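Novice: One structure, pasted below without further comment.
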There are 2 protein chains.
Amino acid sequence: MPTTPHIERHFSASDTVRDVVIGMADGLTVPFALAAGLSGAAASTDIIVVAGLAEIAAGAIAMGLGGYLAARTDAQHYHSERRREAYEVREMAETERREVAAIFEGYGLHGAQLDAVVASIAADRERWIDFMMRHELGLEKPDPRRAPTSALTIGGSYLLGGLVPLAAYFFTGDVHRALLVSMVLTGLALLGFGAFKARLTGVPVLRGALETLLVGGLAAAVAFAVARLIG
Amino acid sequence: MPTTPHIERHFSASDTVRDVVIGMADGLTVPFALAAGLSGAAASTDIIVVAGLAEIAAGAIAMGLGGYLAARTDAQHYHSERRREAYEVREMAETERREVAAIFEGYGLHGAQLDAVVASIAADRERWIDFMMRHELGLEKPDPRRAPTSALTIGGSYLLGGLVPLAAYFFTGDVHRALLVSMVLTGLALLGFGAFKARLTGVPVLRGALETLLVGGLAAAVAFAVARLIG
């Protein structure tokens, strides 16, 4: 049996990295697809730049504020559930005690042993509530500073991601040349981002890169077809 | 002490409802803001309809496929972590036993009682692995059919949400009239959707409705300003 403590290599990306991935995934894809789509219908790059920048602004704000509200709602949800558990532990102690017992019965405890465990957890009320939050409801205590950080990270990543496909349209009036440059730049960015995301989540890197490229390519192809059809 | 089992009212939205909320939140906001933005720069509704539909197609596909990959990655992550736990339980049993002990020490168990609990959990290897997955890593067994359902629900909700703000531009060539109708329709939809989301998450309904309206309004205002400035 090993005596040196082993370090568990279970990966769990930090919240910030996850927010970058959330913002970048849509930021690289949707403005690219919109610009590619409009390339199928527009005569000059001017309107594509206007539509693209308007979309990036809208997307960054919608996703950023969406992330803000989601993080704040998570925190409120945690606190309201904790108040409810506190109430239940106080007013319906026997029922809550039975819920603790049921969790450990599921892991094969019974009799005096089970009673001892339940008594030990229920001995300290705060610890008891923490136990119910974590093990009955599966809720983790949220970071109170998460909402504003999350908003800026998601919105900023969307903005940065969106400028990659659009950059090509800034420097030329020729729609088809801009589309080509945009496809190459965004294709490379999608491959790199997909590989990065794959490493984080433990997916094989090449498959992750190709899948991310495929999502961007499909979205752009369908947007192109839609714009062509009606444009 | 109560003898009838009480039903815990902790709310947890189903995965499908959560996917509808994810798709609808962006679907109502981004196409609305893009169309409003282009209304500040475009002379006719034609280009707004083309750009709007291209954006909706791109967004629905990007978000839908994004949801598909995320659900599949979650499932793969769960299974690879479970294989790792199974390996660790088999090859580093003493270390893993100490990890179980540490969890219960945190809840005030010690001595013979602690040993008995650890022995009971470790007696059945599958149960032991399940315990580590749920209580050490906080990972729940994922639904294997979630990925395709999630993709269709998110993508479909984005599409439906996006058609609300765009509908106004279909029926008139007058950009300003269309923008006005779009603002009223989308404003009402955002209020209704915000109220619905608030009820699900336990946020006060009026505040939830107004916040959702504010996000859509802000995104549209900034997109409008961007398009005006450069258009």
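Labeling convention for the structure tokens: chains A, B, ... as they appear, residues from 1 per chain, ligands from 1 in order of appearance.
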Determine which residues of region 1-126 of chain A receive a DSSP assignment of alpha helix (DSSP H), computed from the backbone, and state them as a PyMOL selection string.
Specialist: chain A and resi 15-39+45-91+93-105+111-122+125-126
Novice: For a quick check of understanding, using only C-alpha atoms, which of A:Thr16, A:Arg82, A:Met92, A:Pro144 has the smallest distance to chain B?
Specialist: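 Answer, going by the shortest atom-to-atom distance: A:Met92.
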Novice: Which residues come within 10 Å of region 101-115 of chain B, counting only C-alpha atoms, excluding same-chain residues fewer than 6 positions away, as a list in words?
Specialist: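 The residues satisfying every condition are Ala112, Gln113, Leu114, Ala116, Val117, Val118, Ala119, Ser120, Ile121, Ala122, Ala123, Asp124, Arg127, Trp128, Asp130 and Phe131 of chain A; Thr95, Met132, His135 and Glu136 of chain B.
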Novice: Contacts of region 152-164 of chain A at 7 Å or less, counting only C-alpha atoms, minus same-chain residues fewer than 2 places along, as a PyMOL selection string?
Specialist: chain A and resi 16+19-20+22-24+26-28+31+56+60-61+63-64+148-150+166-167+185-186
Novice: Could you write out the selected residues, including N, CA and C atoms, as a tab-separated table (two decimals), in the first residue's frame?
Specialist:
```tsv
chain	number	residue	atom	x	y	z
A	16	THR	N	-13.08	30.67	-14.18
A	16	THR	CA	-12.68	31.67	-15.17
A	16	THR	C	-12.41	31.01	-16.52
A	19	ASP	N	-15.58	30.16	-18.16
A	19	ASP	CA	-16.24	31.34	-18.73
A	19	ASP	C	-15.60	31.76	-20.04
A	20	VAL	N	-14.25	31.67	-20.12
A	20	VAL	CA	-13.57	31.98	-21.37
A	20	VAL	C	-14.06	31.03	-22.47
A	22	ILE	N	-16.91	29.41	-22.62
A	22	ILE	CA	-18.31	29.70	-22.96
A	22	ILE	C	-18.39	30.89	-23.93
A	23	GLY	N	-17.69	31.97	-23.61
A	23	GLY	CA	-17.76	33.16	-24.45
A	23	GLY	C	-17.09	32.96	-25.80
A	24	MET	N	-15.92	32.31	-25.78
A	24	MET	CA	-15.14	32.13	-27.00
A	24	MET	C	-15.83	31.17	-27.98
A	26	ASP	N	-19.01	30.65	-28.66
A	26	ASP	CA	-20.01	31.34	-29.46
A	26	ASP	C	-19.41	32.52	-30.21
A	27	GLY	N	-18.44	33.21	-29.60
A	27	GLY	CA	-17.84	34.39	-30.22
A	27	GLY	C	-17.09	34.06	-31.50
A	28	LEU	N	-16.41	32.92	-31.53
A	28	LEU	CA	-15.70	32.51	-32.75
A	28	LEU	C	-16.68	32.01	-33.81
A	31	PRO	N	-20.43	35.21	-35.04
A	31	PRO	CA	-20.06	36.31	-35.94
A	31	PRO	C	-19.41	35.81	-37.24
A	56	ILE	N	-21.56	41.40	-32.58
A	56	ILE	CA	-20.57	41.16	-31.51
A	56	ILE	C	-20.93	41.95	-30.25
A	60	ALA	N	-21.93	39.97	-26.94
A	60	ALA	CA	-21.08	40.12	-25.76
A	60	ALA	C	-21.90	40.60	-24.57
A	61	ILE	N	-22.80	41.55	-24.82
A	61	ILE	CA	-23.63	42.07	-23.72
A	61	ILE	C	-24.65	41.04	-23.27
A	63	MET	N	-24.60	37.76	-23.59
A	63	MET	CA	-23.97	36.62	-22.90
A	63	MET	C	-23.34	37.04	-21.58
A	64	GLY	N	-22.70	38.21	-21.57
A	64	GLY	CA	-22.08	38.69	-20.33
A	64	GLY	C	-23.10	38.93	-19.24
A	148	PRO	N	-19.91	39.46	-11.21
A	148	PRO	CA	-19.27	40.46	-12.08
A	148	PRO	C	-18.07	39.91	-12.86
A	149	THR	N	-17.25	39.05	-12.23
A	149	THR	CA	-16.11	38.45	-12.92
A	149	THR	C	-16.59	37.63	-14.11
A	150	SER	N	-17.63	36.83	-13.86
A	150	SER	CA	-18.17	35.97	-14.89
A	150	SER	C	-18.68	36.80	-16.07
A	166	LEU	N	-14.11	38.69	-38.10
A	166	LEU	CA	-14.52	39.95	-38.70
A	166	LEU	C	-13.33	40.77	-39.22
A	167	ALA	N	-12.15	40.53	-38.63
A	167	ALA	CA	-10.97	41.34	-38.98
A	167	ALA	C	-10.74	41.37	-40.49
A	185	LEU	N	-8.44	32.30	-41.21
A	185	LEU	CA	-8.14	32.78	-39.85
A	185	LEU	C	-9.02	32.09	-38.81
A	186	THR	N	-10.33	32.06	-39.10
A	186	THR	CA	-11.27	31.51	-38.12
A	186	THR	C	-11.09	30.00	-38.02
```
Novice: Name the residues in contact with region 75-79 of chain B at a cut-off of 7 Å, using only C-alpha atoms, excluding same-chain residues fewer than 2 positions from it; report them as an MDAnalysis selection string.
Specialist: (chainID A and resid 201:202) or (chainID B and resid 71:73 81:83 139 141:142)
Novice: Compile the contact shell of Phe224 (chain B) as a PyMOL selection string: residues with an atom at most 6 Å away, counting only C-alpha atoms, same-chain residues fewer than 6 positions apart removed.
Specialist: chain B and resi 36-37+40
Novice: Can I get the selection written as a JSON list (two decimals), in the first residue's frame, with C-alpha atoms?
Specialist:
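Output file selection_17.json follows:
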```
[["chain", "number", "residue", "atom", "x", "y", "z"],
["B", 36, "ALA", "CA", -32.40, 46.92, -33.87],
["B", 37, "GLY", "CA", -28.73, 47.75, -34.47],
["B", 40, "GLY", "CA", -29.82, 52.39, -37.10]]
```
Novice: Find the residues near Gly52 (chain A): any atom within 10 Å, counting only C-alpha atoms, skip ones fewer than 5 places away on the same chain, and give them as a PyMOL selection string.
Specialist: (chain A and resi 30-35+38+46-47+57-58+162-163+165-167+169) or (chain B and resi 34+38+51+55+223+227)
Novice: Residues of the last selection are to be written out with all heavy atoms, as a compact mmCIF listing (two decimals), in the first residue's frame.
Specialist:
```
# COMPACT_ATOMS: atom_id res chain seq x y z
N VAL A 30 -20.53 32.39 -34.09
CA VAL A 30 -21.70 33.10 -34.61
C VAL A 30 -21.33 34.31 -35.48
O VAL A 30 -21.84 34.43 -36.59
CB VAL A 30 -22.69 33.46 -33.47
CG1 VAL A 30 -23.93 34.13 -34.04
CG2 VAL A 30 -23.09 32.20 -32.70
N PRO A 31 -20.43 35.21 -35.04
CA PRO A 31 -20.06 36.31 -35.94
C PRO A 31 -19.41 35.81 -37.24
O PRO A 31 -19.65 36.38 -38.31
CB PRO A 31 -19.06 37.12 -35.11
CG PRO A 31 -19.40 36.81 -33.69
CD PRO A 31 -19.84 35.38 -33.70
N PHE A 32 -18.61 34.74 -37.15
CA PHE A 32 -18.03 34.14 -38.36
C PHE A 32 -19.13 33.68 -39.31
O PHE A 32 -19.10 34.00 -40.51
CB PHE A 32 -17.14 32.95 -37.96
CG PHE A 32 -16.72 32.08 -39.11
CD1 PHE A 32 -16.02 32.60 -40.19
CD2 PHE A 32 -17.03 30.72 -39.11
CE1 PHE A 32 -15.62 31.79 -41.25
CE2 PHE A 32 -16.64 29.91 -40.17
CZ PHE A 32 -15.95 30.44 -41.24
N ALA A 33 -20.10 32.95 -38.76
CA ALA A 33 -21.17 32.40 -39.59
C ALA A 33 -22.05 33.52 -40.16
O ALA A 33 -22.47 33.46 -41.32
CB ALA A 33 -22.01 31.42 -38.78
N LEU A 34 -22.29 34.54 -39.35
CA LEU A 34 -23.10 35.66 -39.83
C LEU A 34 -22.38 36.37 -40.98
O LEU A 34 -22.97 36.64 -42.04
CB LEU A 34 -23.37 36.66 -38.70
CG LEU A 34 -24.05 37.97 -39.12
CD1 LEU A 34 -25.46 37.71 -39.64
CD2 LEU A 34 -24.09 38.97 -37.96
N ALA A 35 -21.10 36.66 -40.80
CA ALA A 35 -20.33 37.34 -41.85
C ALA A 35 -20.25 36.47 -43.11
O ALA A 35 -20.43 36.96 -44.22
CB ALA A 35 -18.93 37.67 -41.34
N LEU A 38 -23.67 36.58 -44.79
CA LEU A 38 -23.90 37.83 -45.51
C LEU A 38 -23.02 37.93 -46.75
O LEU A 38 -23.39 38.60 -47.72
CB LEU A 38 -23.67 39.03 -44.59
CG LEU A 38 -24.75 39.21 -43.52
CD1 LEU A 38 -24.40 40.37 -42.59
CD2 LEU A 38 -26.12 39.46 -44.17
N ASP A 46 -18.92 46.57 -46.39
CA ASP A 46 -19.38 47.58 -45.44
C ASP A 46 -20.50 47.08 -44.54
O ASP A 46 -20.43 47.17 -43.31
CB ASP A 46 -19.86 48.84 -46.17
CG ASP A 46 -18.70 49.60 -46.80
OD1 ASP A 46 -17.55 49.18 -46.56
OD2 ASP A 46 -18.96 50.57 -47.53
N ILE A 47 -21.56 46.56 -45.17
CA ILE A 47 -22.72 46.13 -44.39
C ILE A 47 -22.36 44.93 -43.50
O ILE A 47 -22.90 44.75 -42.42
CB ILE A 47 -23.93 45.81 -45.31
CG1 ILE A 47 -25.19 45.50 -44.49
CG2 ILE A 47 -23.62 44.64 -46.23
CD1 ILE A 47 -25.72 46.70 -43.74
N ALA A 57 -21.33 43.22 -30.45
CA ALA A 57 -21.73 44.03 -29.30
C ALA A 57 -22.94 43.40 -28.59
O ALA A 57 -22.95 43.23 -27.37
CB ALA A 57 -22.07 45.46 -29.75
N ALA A 58 -23.95 43.03 -29.40
CA ALA A 58 -25.16 42.45 -28.83
C ALA A 58 -24.85 41.13 -28.12
O ALA A 58 -25.31 40.88 -27.00
CB ALA A 58 -26.20 42.22 -29.93
N GLY A 162 -15.08 37.15 -31.53
CA GLY A 162 -15.81 37.67 -32.67
C GLY A 162 -14.97 38.55 -33.58
O GLY A 162 -15.23 38.66 -34.78
N LEU A 163 -13.94 39.18 -33.02
CA LEU A 163 -13.10 40.06 -33.86
C LEU A 163 -12.21 39.27 -34.81
O LEU A 163 -11.79 39.79 -35.84
CB LEU A 163 -12.26 40.98 -32.96
CG LEU A 163 -13.06 42.07 -32.23
CD1 LEU A 163 -12.16 42.88 -31.31
CD2 LEU A 163 -13.77 43.00 -33.23
N PRO A 165 -12.96 36.48 -36.84
CA PRO A 165 -13.55 36.31 -38.18
C PRO A 165 -13.85 37.64 -38.87
O PRO A 165 -13.85 37.71 -40.10
CB PRO A 165 -14.84 35.53 -37.91
CG PRO A 165 -15.13 35.71 -36.47
CD PRO A 165 -13.81 35.89 -35.80
N LEU A 166 -14.11 38.69 -38.10
CA LEU A 166 -14.52 39.95 -38.70
C LEU A 166 -13.33 40.77 -39.22
O LEU A 166 -13.48 41.59 -40.13
CB LEU A 166 -15.31 40.78 -37.68
CG LEU A 166 -16.45 41.59 -38.30
CD1 LEU A 166 -17.43 40.68 -39.01
CD2 LEU A 166 -17.13 42.44 -37.25
N ALA A 167 -12.15 40.53 -38.63
CA ALA A 167 -10.97 41.34 -38.98
C ALA A 167 -10.74 41.37 -40.49
O ALA A 167 -10.40 42.41 -41.07
CB ALA A 167 -9.74 40.79 -38.26
N TYR A 169 -12.72 41.42 -42.88
CA TYR A 169 -13.62 42.30 -43.62
C TYR A 169 -13.27 43.78 -43.44
O TYR A 169 -13.79 44.64 -44.14
CB TYR A 169 -15.08 42.05 -43.19
CG TYR A 169 -15.56 40.66 -43.54
CD1 TYR A 169 -15.35 39.59 -42.67
CD2 TYR A 169 -16.22 40.40 -44.74
CE1 TYR A 169 -15.79 38.31 -42.98
CE2 TYR A 169 -16.66 39.12 -45.06
CZ TYR A 169 -16.44 38.08 -44.17
OH TYR A 169 -16.87 36.83 -44.50
N LEU B 34 -29.44 42.66 -32.89
CA LEU B 34 -28.83 42.80 -34.22
C LEU B 34 -29.76 43.57 -35.15
O LEU B 34 -29.35 44.52 -35.82
CB LEU B 34 -28.51 41.42 -34.81
CG LEU B 34 -28.02 41.43 -36.26
CD1 LEU B 34 -26.69 42.14 -36.41
CD2 LEU B 34 -27.92 40.01 -36.82
N LEU B 38 -29.07 47.16 -36.79
CA LEU B 38 -29.06 47.43 -38.23
C LEU B 38 -30.12 48.47 -38.60
O LEU B 38 -29.95 49.19 -39.58
CB LEU B 38 -29.28 46.13 -39.00
CG LEU B 38 -28.09 45.17 -38.97
CD1 LEU B 38 -28.41 43.87 -39.70
CD2 LEU B 38 -26.85 45.83 -39.60
N ALA B 51 -29.81 39.38 -42.73
CA ALA B 51 -28.84 39.27 -41.64
C ALA B 51 -29.46 38.56 -40.44
O ALA B 51 -28.82 37.72 -39.80
CB ALA B 51 -28.33 40.66 -41.24
N GLU B 55 -28.26 35.08 -38.90
CA GLU B 55 -27.82 35.03 -37.50
C GLU B 55 -28.58 33.96 -36.73
O GLU B 55 -27.99 33.22 -35.95
CB GLU B 55 -28.02 36.40 -36.84
CG GLU B 55 -27.07 36.70 -35.69
CD GLU B 55 -27.45 35.98 -34.39
OE1 GLU B 55 -28.62 35.56 -34.24
OE2 GLU B 55 -26.57 35.85 -33.53
N ALA B 223 -25.93 47.75 -29.63
CA ALA B 223 -25.82 47.34 -31.03
C ALA B 223 -26.26 48.48 -31.94
O ALA B 223 -25.64 48.75 -32.99
CB ALA B 223 -26.67 46.09 -31.28
N ALA B 227 -23.83 50.34 -34.66
CA ALA B 227 -24.19 50.38 -36.09
C ALA B 227 -24.32 51.83 -36.57
O ALA B 227 -23.91 52.17 -37.68
CB ALA B 227 -25.48 49.60 -36.33
```
